[in-house]
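Enquirer: Data file entry_14.txt (compact mmCIF, C-alpha atoms) is appended below.
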```txt
# COMPACT_ATOMS: atom_id res chain seq x y z
CA MET A 1 0.00 0.00 0.00
CA LYS A 2 2.88 2.35 0.78
CA ARG A 3 4.38 1.87 -2.69
CA LEU A 4 1.03 2.48 -4.36
CA ARG A 5 0.66 5.67 -2.37
CA SER A 6 4.13 6.78 -3.48
CA ALA A 7 3.21 6.05 -7.11
CA ILE A 8 0.02 8.10 -6.78
CA GLY A 9 1.93 10.98 -5.23
CA PHE A 10 4.54 10.95 -7.98
CA LEU A 11 2.29 10.50 -11.02
CA THR A 12 -0.72 12.61 -10.04
CA VAL A 13 -1.53 15.99 -8.55
CA ILE A 14 -3.00 14.32 -5.47
CA PRO A 15 -0.88 15.60 -2.55
CA VAL A 16 0.37 12.23 -1.34
CA PRO A 17 4.00 12.14 -0.16
CA PRO A 18 6.72 11.57 -1.07
CA SER A 19 7.49 13.80 -4.04
CA LEU A 20 10.71 12.97 -5.86
CA THR A 21 13.86 14.46 -4.34
CA ALA A 22 17.45 13.27 -4.11
CA ASP A 23 16.77 12.16 -0.53
CA ASN A 24 13.72 9.97 -1.15
CA ALA A 25 14.28 8.79 -4.73
CA GLY A 26 14.52 5.21 -3.47
CA ALA A 27 10.93 5.23 -2.19
CA VAL A 28 9.59 6.48 -5.51
CA ILE A 29 11.72 4.04 -7.53
CA ALA A 30 10.34 1.17 -5.44
CA ALA A 31 6.85 2.31 -6.50
CA VAL A 32 7.57 2.04 -10.25
CA PRO A 33 5.79 -1.35 -10.67
CA PHE A 34 2.60 0.35 -9.50
CA PHE A 35 2.67 3.01 -12.23
CA PRO A 36 0.26 1.10 -14.54
CA LEU A 37 -2.18 0.69 -11.65
CA VAL A 38 -2.15 4.46 -11.15
CA GLY A 39 -2.83 4.83 -14.87
CA ALA A 40 -5.80 2.49 -14.51
CA LEU A 41 -7.18 4.58 -11.64
CA ILE A 42 -6.79 7.77 -13.70
CA GLY A 43 -8.46 6.10 -16.67
CA LEU A 44 -11.36 4.79 -14.59
CA THR A 45 -11.96 8.26 -13.16
CA ALA A 46 -11.86 9.85 -16.63
CA ALA A 47 -14.21 7.20 -18.06
CA VAL A 48 -16.80 7.73 -15.32
CA LEU A 49 -16.58 11.51 -15.78
CA ASP A 50 -16.89 11.18 -19.55
CA ARG A 51 -20.04 9.10 -19.22
CA GLY A 52 -21.68 11.97 -17.32
CA LEU A 53 -20.32 14.63 -19.66
CA SER A 54 -21.51 12.74 -22.74
CA ALA A 55 -25.04 12.72 -21.37
CA ALA A 56 -25.03 16.50 -20.99
CA LEU A 57 -22.80 17.77 -23.80
CA PRO A 58 -22.12 17.13 -27.51
CA ALA A 59 -19.28 14.74 -28.36
CA TRP A 60 -16.54 17.31 -28.97
CA PRO A 61 -16.90 19.43 -25.81
CA ALA A 62 -17.23 16.28 -23.69
CA ALA A 63 -14.13 14.81 -25.32
CA ALA A 64 -12.16 18.03 -24.79
CA ILE A 65 -12.95 18.07 -21.07
CA SER A 66 -12.15 14.37 -20.66
CA ILE A 67 -8.77 14.72 -22.37
CA GLY A 68 -8.14 17.81 -20.25
CA VAL A 69 -8.82 15.73 -17.14
CA LEU A 70 -6.29 13.12 -18.27
CA ALA A 71 -3.66 15.84 -18.65
CA ALA A 72 -4.56 17.64 -15.42
CA ALA A 73 -4.52 14.43 -13.37
CA SER A 74 -0.75 14.19 -13.82
CA GLY A 75 -0.13 17.93 -13.70
CA ALA A 76 0.68 17.76 -17.44
CA LEU A 77 3.94 16.06 -16.42
CA HIS A 78 4.06 13.81 -19.47
CA LEU A 79 3.02 16.54 -21.89
CA ASP A 80 5.94 18.59 -20.61
CA GLY A 81 8.25 15.68 -21.38
CA LEU A 82 6.74 15.35 -24.84
CA ALA A 83 7.33 19.04 -25.57
CA ASP A 84 10.95 18.93 -24.39
CA THR A 85 11.60 15.75 -26.38
CA ALA A 86 10.13 17.29 -29.53
CA ASP A 87 12.24 20.42 -29.10
CA GLY A 88 15.40 18.36 -28.75
CA PHE A 89 14.87 15.57 -31.25
CA LEU A 90 13.45 17.77 -33.99
CA SER A 91 16.26 20.32 -33.72
CA ALA A 92 18.63 18.35 -36.04
CA ARG A 93 21.44 18.94 -33.53
CA PRO A 94 24.11 16.52 -32.24
CA ARG A 95 23.60 14.51 -29.05
CA GLU A 96 25.05 17.00 -26.56
CA GLN A 97 22.97 19.86 -27.90
CA ILE A 98 19.80 17.74 -27.97
CA LEU A 99 20.26 16.94 -24.28
CA ARG A 100 20.94 20.61 -23.54
CA ILE A 101 17.79 21.71 -25.38
CA MET A 102 15.68 19.12 -23.57
CA LYS A 103 16.97 20.35 -20.22
CA ASP A 104 16.01 23.96 -20.99
CA SER A 105 12.81 24.90 -19.16
CA HIS A 106 11.65 27.12 -22.05
CA ILE A 107 9.42 25.54 -24.68
CA GLY A 108 10.28 25.95 -28.35
CA THR A 109 8.28 25.95 -31.57
CA MET A 110 8.55 22.18 -32.08
CA GLY A 111 7.39 21.57 -28.54
CA VAL A 112 4.34 23.78 -29.02
CA LEU A 113 3.47 22.07 -32.29
CA ALA A 114 3.83 18.62 -30.69
CA LEU A 115 1.51 19.59 -27.83
CA ILE A 116 -1.12 21.04 -30.13
CA PHE A 117 -0.98 18.04 -32.47
CA VAL A 118 -1.25 15.42 -29.72
CA ILE A 119 -4.00 17.17 -27.76
CA VAL A 120 -6.12 17.90 -30.83
CA LEU A 121 -5.63 14.35 -32.13
CA LYS A 122 -6.65 12.86 -28.79
CA ILE A 123 -9.81 14.98 -28.64
CA ALA A 124 -10.72 14.19 -32.25
CA CYS A 125 -10.24 10.46 -31.72
CA LEU A 126 -12.32 10.40 -28.55
CA ALA A 127 -15.11 12.48 -30.10
CA ALA A 128 -15.32 10.06 -33.03
CA MET A 129 -15.99 7.02 -30.85
CA PRO A 130 -19.35 5.59 -29.80
CA ALA A 131 -20.12 5.72 -26.08
CA ASN A 132 -18.97 2.24 -25.07
CA THR A 133 -15.75 2.53 -27.03
CA ARG A 134 -15.04 5.89 -25.40
CA LEU A 135 -15.21 4.35 -21.94
CA ALA A 136 -12.87 1.51 -22.90
CA ALA A 137 -10.41 3.87 -24.61
CA LEU A 138 -10.29 6.30 -21.69
CA PHE A 139 -9.52 3.43 -19.35
CA LEU A 140 -6.90 1.77 -21.57
CA ALA A 141 -5.03 4.89 -22.72
CA PRO A 142 -3.54 6.03 -19.37
CA LEU A 143 -3.03 2.43 -18.28
CA THR A 144 -1.00 1.72 -21.43
CA GLY A 145 0.81 5.05 -21.14
CA ARG A 146 2.16 4.24 -17.69
CA GLY A 147 3.06 0.76 -18.91
CA ALA A 148 5.10 2.44 -21.65
CA ILE A 149 7.15 4.17 -18.96
CA LEU A 150 8.11 0.78 -17.54
CA ALA A 151 9.05 -0.43 -21.02
CA MET A 152 11.45 2.44 -21.61
CA LEU A 153 12.95 2.04 -18.14
CA ALA A 154 13.61 -1.64 -18.89
CA TRP A 155 14.99 -1.17 -22.41
CA LEU A 156 17.17 1.93 -22.23
CA PRO A 157 20.07 3.18 -20.12
CA TYR A 158 20.07 6.71 -18.77
CA ALA A 159 21.36 9.11 -21.42
CA ARG A 160 22.83 11.96 -19.38
CA PRO A 161 26.48 11.29 -18.40
CA GLU A 162 26.30 13.87 -15.60
CA GLY A 163 23.42 12.02 -13.96
CA GLY A 164 20.12 13.39 -12.67
CA LEU A 165 17.08 12.52 -10.58
CA ALA A 166 15.79 10.09 -13.21
CA ARG A 167 19.08 8.18 -13.47
CA ASP A 168 18.27 5.48 -10.94
CA PHE A 169 14.86 4.82 -12.50
CA PHE A 170 16.51 3.43 -15.63
CA GLY A 171 17.38 -0.20 -15.12
CA SER A 172 15.02 -0.47 -12.13
CA VAL A 173 12.51 -2.53 -14.13
CA SER A 174 13.45 -6.14 -14.87
CA ARG A 175 12.48 -7.94 -18.06
CA ARG A 176 10.36 -10.28 -15.92
CA ARG A 177 8.46 -7.30 -14.49
CA LEU A 178 8.01 -5.94 -17.99
CA LEU A 179 6.59 -9.24 -19.23
CA LEU A 180 4.16 -9.36 -16.31
CA THR A 181 3.10 -5.78 -17.03
CA GLY A 182 2.61 -6.60 -20.71
CA ALA A 183 0.51 -9.64 -19.85
CA GLY A 184 -1.61 -7.56 -17.49
CA LEU A 185 -2.14 -4.92 -20.18
CA ALA A 186 -3.18 -7.56 -22.70
CA ILE A 187 -5.67 -9.11 -20.28
CA ALA A 188 -7.14 -5.71 -19.40
CA ALA A 189 -7.40 -4.76 -23.08
CA ILE A 190 -9.21 -7.98 -23.99
CA PHE A 191 -11.51 -7.66 -20.99
CA VAL A 192 -12.68 -4.11 -21.75
CA ALA A 193 -12.56 -4.08 -25.57
CA ARG A 194 -11.73 -7.60 -26.81
CA LEU A 195 -9.65 -7.79 -29.99
CA HIS A 196 -10.07 -4.06 -30.63
CA GLY A 197 -8.47 -3.22 -27.29
CA LEU A 198 -5.65 -5.73 -27.75
CA THR A 199 -4.88 -4.28 -31.18
CA ALA A 200 -4.70 -0.79 -29.69
CA VAL A 201 -2.29 -1.89 -26.98
CA LEU A 202 -0.10 -3.73 -29.51
CA ALA A 203 0.01 -0.62 -31.70
CA ALA A 204 1.15 1.39 -28.68
CA VAL A 205 3.86 -1.20 -27.95
CA LEU A 206 5.17 -0.92 -31.51
CA ALA A 207 5.17 2.88 -31.36
CA VAL A 208 7.04 2.95 -28.04
CA THR A 209 9.53 0.38 -29.35
CA LEU A 210 10.25 2.68 -32.29
CA LEU A 211 10.65 5.65 -29.94
CA CYS A 212 13.11 3.68 -27.81
CA ARG A 213 15.19 2.85 -30.89
CA ILE A 214 15.22 6.53 -31.89
CA CYS A 215 16.26 7.56 -28.38
CA GLN A 216 19.05 4.99 -28.37
CA ARG A 217 20.34 6.21 -31.70
CA ARG A 218 20.01 9.96 -31.10
CA ILE A 219 21.03 10.37 -27.45
CA GLY A 220 22.25 6.94 -26.35
CA GLY A 221 19.36 6.18 -23.99
CA GLY A 222 16.44 7.82 -22.26
CA THR A 223 15.73 10.71 -19.91
CA GLY A 224 12.85 11.84 -17.77
CA ASP A 225 11.54 13.79 -20.76
CA THR A 226 11.53 10.78 -23.06
CA LEU A 227 9.57 8.85 -20.42
CA GLY A 228 6.86 11.50 -20.67
CA ALA A 229 6.98 11.32 -24.46
CA ALA A 230 6.60 7.52 -24.33
CA CYS A 231 3.55 7.86 -22.11
CA GLU A 232 1.91 10.39 -24.41
CA LEU A 233 2.76 8.40 -27.53
CA ALA A 234 1.23 5.24 -26.08
CA GLU A 235 -1.94 7.06 -24.98
CA THR A 236 -2.34 8.64 -28.41
CA MET A 237 -1.86 5.35 -30.23
CA VAL A 238 -4.50 3.64 -28.09
CA LEU A 239 -7.02 6.40 -28.79
CA LEU A 240 -6.15 6.47 -32.49
CA VAL A 241 -6.60 2.73 -32.99
CA MET A 242 -9.75 2.63 -30.88
CA ALA A 243 -11.19 5.37 -33.10
CA ALA A 244 -10.14 3.69 -36.35
```
Show me the file's structure as structure tokens.

Expert:
Amino acid sequence: MKRLRSAIGFLTVIPVPPSLTADNAGAVIAAVPFFPLVGALIGLTAAVLDRGLSAALPAWPAAAISIGVLAAASGALHLDGLADTADGFLSARPREQILRIMKDSHIGTMGVLALIFVIVLKIACLAAMPANTRLAALFLAPLTGRGAILAMLAWLPYARPEGGLARDFFGSVSRRRLLLTGAGLAIAAIFVARLHGLTAVLAAVLAVTLLCRICQRRIGGGTGDTLGAACELAETMVLLVMAA
């Protein structure tokens, strides 16, 4: 229960200690296996909210609010990582400069475009779905997104030679843990959306695998920002396939 509480405190805006600092990083790292469960709780909350919104509002406004809730639940933490990753990777700079750009707290043009594209695409996909599919997609998307974080932690080394708060997260997830997480995702997908849900999760896995290969080639591993990008990419792929 303590590790789940740590995962909730780290991945959401709910004020549950501990937040990540150099002194308590170990407690948060120990909570990493619970990240997908936190995603499931976020998704369940968003799905219940969307059911009420869909009864009172047209599809597009309801979808916009539901996607906003998904972003707000994590304090837009993963969207921030997506923006920084886009700024760095789309800059056509060498490795050292990419890492420097990603570390800069200011958002650039590519980051803004990435945010707009992903948010609009998510809303459009959700608005295009029938009611039952919307509920399944809203549950699966954040669950798969947090699973994608575990995948990147298992596959990649940390990219920054000088270290950082995210350094010890990389390598903290074993291949066995990753396989168990993948099996759990597959079971959840089949349970809530049958073959359609499983296809969406598999598409997200392929997309995150491609992102990991790009990260390995461009910067030699992953960072906290690329973890956020992986989460957003997986969420978007689930919504896109569920809408297809």

Enquirer: For A:Leu206, which residue out of A:Ala151, A:Ala137, A:Ala183, A:Ile190 is the nearest one, using only C-alpha atoms?

Expert: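 Among A:Ala151, A:Ala137, A:Ala183, A:Ile190, it is A:Ala151 that comes nearest to A:Leu206.
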
Enquirer: When you draw a straight line from atom CA of A:Gly163 to atom CA of A:Leu113, how long is it in Å?

Expert: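 Interatomic distance, atom CA of A:Gly163 to atom CA of A:Leu113: 28.9 Å.
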
Enquirer: Show me the residues around (-12.7, 1.0, -19.6) - criterion: an atom at most 8 Å away, all atoms listed in the file counted - as a JSON list (two decimals) with C-alpha atoms, in the coordinates of the input.

Expert:
```json
[["chain", "number", "residue", "atom", "x", "y", "z"],
["A", 43, "GLY", "CA", -8.46, 6.10, -16.67],
["A", 44, "LEU", "CA", -11.36, 4.79, -14.59],
["A", 47, "ALA", "CA", -14.21, 7.20, -18.06],
["A", 134, "ARG", "CA", -15.04, 5.89, -25.40],
["A", 135, "LEU", "CA", -15.21, 4.35, -21.94],
["A", 136, "ALA", "CA", -12.87, 1.51, -22.90],
["A", 137, "ALA", "CA", -10.41, 3.87, -24.61],
["A", 138, "LEU", "CA", -10.29, 6.30, -21.69],
["A", 139, "PHE", "CA", -9.52, 3.43, -19.35],
["A", 140, "LEU", "CA", -6.90, 1.77, -21.57],
["A", 192, "VAL", "CA", -12.68, -4.11, -21.75],
["A", 193, "ALA", "CA", -12.56, -4.08, -25.57]]
```

Enquirer: So which residues touch A:Val205 within 12 Å, counting all atoms listed in the file, skipping near sequence neighbours fewer than 4 positions away, as a ChimeraX atom specification?

Expert: /A:141,144-152,178,181-182,185-186,198-201,209-212,230-231,233-238

Enquirer: Looking at only C-alpha atoms, which of A:Leu227, A:Val32, A:Ala189, A:Ile119 is the one that sits closest to A:Asp84?

Expert: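 Among the listed residues, the smallest separation from A:Asp84 belongs to A:Leu227.
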
Enquirer: How far is it from atom CA of A:Gly197 to atom CA of A:Ala244, in Å with one decimal?

Expert: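 Value for the atom CA of A:Gly197-atom CA of A:Ala244 distance: 11.5 Å.
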
Enquirer: Give the answer as one residue: which of A:Lys103, A:Pro142, A:Leu156, A:Gly228 has the shortest atom-to-atom distance to A:Ala40, using only C-alpha atoms?

Expert: A:Pro142

Enquirer: Which value, in Å to one decimal, gives the distance between atom CA of A:Glu232 and atom CA of A:Phe89?

Expert: 15.5 Å

Enquirer: So that I can check the surroundings of stretch 63-80 of chain A, please list as a ChimeraX atom specification every protein, DNA and RNA residue that reaches within 6 Å of it, counting only C-alpha atoms and ignoring chain neighbours fewer than 5 positions away.

Expert: /A:11-13,50,123,126-127,228

Enquirer: Can you tell me, as a ChimeraX atom specification, what residues are no more than 8 Å from A:Met129 when counting only C-alpha atoms, ignoring any on the same chain fewer than 4 positions away?

Expert: /A:125,133-134,242-243

Enquirer: Which residues are close to A:Ala229, i.e. within 7 Å by only C-alpha atoms, leaving aside same-chain residues fewer than 6 positions away? Reply as a PDB file with C-alpha atoms, in the coordinates of the input.

Expert:
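Contents of selection-v2.pdb, as written:
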```
ATOM      1  CA  HIS A  78       4.060  13.810 -19.470  1.00  0.00           C
ATOM      2  CA  GLY A  81       8.250  15.680 -21.380  1.00  0.00           C
ATOM      3  CA  LEU A  82       6.740  15.350 -24.840  1.00  0.00           C
ATOM      4  CA  THR A  85      11.600  15.750 -26.380  1.00  0.00           C
TER       5      THR A  85
END
```

Enquirer: Give me the residues within 6 Å of stretch 216-220 of chain A as a list in words, counting all atoms listed in the file and dropping any in the same chain fewer than 3 places off.

Expert: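 The filter keeps Arg95, Ala159 and Arg213 of chain A.
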
Enquirer: Which residue, A:Met1, A:Val28, A:Val118, A:Ala92, has the smallest gap to A:Asp168 when you use all atoms listed in the file?

Expert: A:Val28

Enquirer: Rank A:Ala86, A:Ala30, A:Ile8, A:Ala207 by their smallest atom-to-atom distance to A:Phe169, using all atoms listed in the file, and report the top residue only.

Expert: A:Ala30

Enquirer: Any chance you could model N, CA and C atoms for stretch 117-128 of chain A and send them as an mmCIF file, in the coordinates of the input?

Expert:
```
data_model
loop_
_atom_site.group_PDB
_atom_site.id
_atom_site.type_symbol
_atom_site.label_atom_id
_atom_site.label_comp_id
_atom_site.auth_asym_id
_atom_site.auth_seq_id
_atom_site.Cartn_x
_atom_site.Cartn_y
_atom_site.Cartn_z
ATOM 1 N N PHE A 117 -0.640 19.203 -31.640
ATOM 2 C CA PHE A 117 -0.980 18.040 -32.470
ATOM 3 C C PHE A 117 -1.525 16.897 -31.622
ATOM 4 N N VAL A 118 -0.842 16.569 -30.547
ATOM 5 C CA VAL A 118 -1.250 15.420 -29.720
ATOM 6 C C VAL A 118 -2.584 15.689 -29.029
ATOM 7 N N ILE A 119 -2.762 16.872 -28.475
ATOM 8 C CA ILE A 119 -4.000 17.170 -27.760
ATOM 9 C C ILE A 119 -5.194 17.191 -28.714
ATOM 10 N N VAL A 120 -5.026 17.851 -29.862
ATOM 11 C CA VAL A 120 -6.120 17.900 -30.830
ATOM 12 C C VAL A 120 -6.435 16.502 -31.363
ATOM 13 N N LEU A 121 -5.408 15.711 -31.632
ATOM 14 C CA LEU A 121 -5.630 14.350 -32.130
ATOM 15 C C LEU A 121 -6.358 13.497 -31.106
ATOM 16 N N LYS A 122 -5.975 13.618 -29.850
ATOM 17 C CA LYS A 122 -6.650 12.860 -28.790
ATOM 18 C C LYS A 122 -8.131 13.230 -28.706
ATOM 19 N N ILE A 123 -8.409 14.526 -28.734
ATOM 20 C CA ILE A 123 -9.810 14.980 -28.640
ATOM 21 C C ILE A 123 -10.603 14.496 -29.844
ATOM 22 N N ALA A 124 -10.024 14.618 -31.036
ATOM 23 C CA ALA A 124 -10.720 14.190 -32.250
ATOM 24 C C ALA A 124 -11.006 12.700 -32.228
ATOM 25 N N CYS A 125 -10.040 11.919 -31.789
ATOM 26 C CA CYS A 125 -10.240 10.460 -31.720
ATOM 27 C C CYS A 125 -11.346 10.109 -30.739
ATOM 28 N N LEU A 126 -11.310 10.711 -29.566
ATOM 29 C CA LEU A 126 -12.320 10.400 -28.550
ATOM 30 C C LEU A 126 -13.705 10.823 -29.009
ATOM 31 N N ALA A 127 -13.803 11.992 -29.641
ATOM 32 C CA ALA A 127 -15.110 12.480 -30.100
ATOM 33 C C ALA A 127 -15.698 11.603 -31.192
ATOM 34 N N ALA A 128 -14.845 10.897 -31.927
ATOM 35 C CA ALA A 128 -15.320 10.060 -33.030
ATOM 36 C C ALA A 128 -15.827 8.697 -32.577
#
```
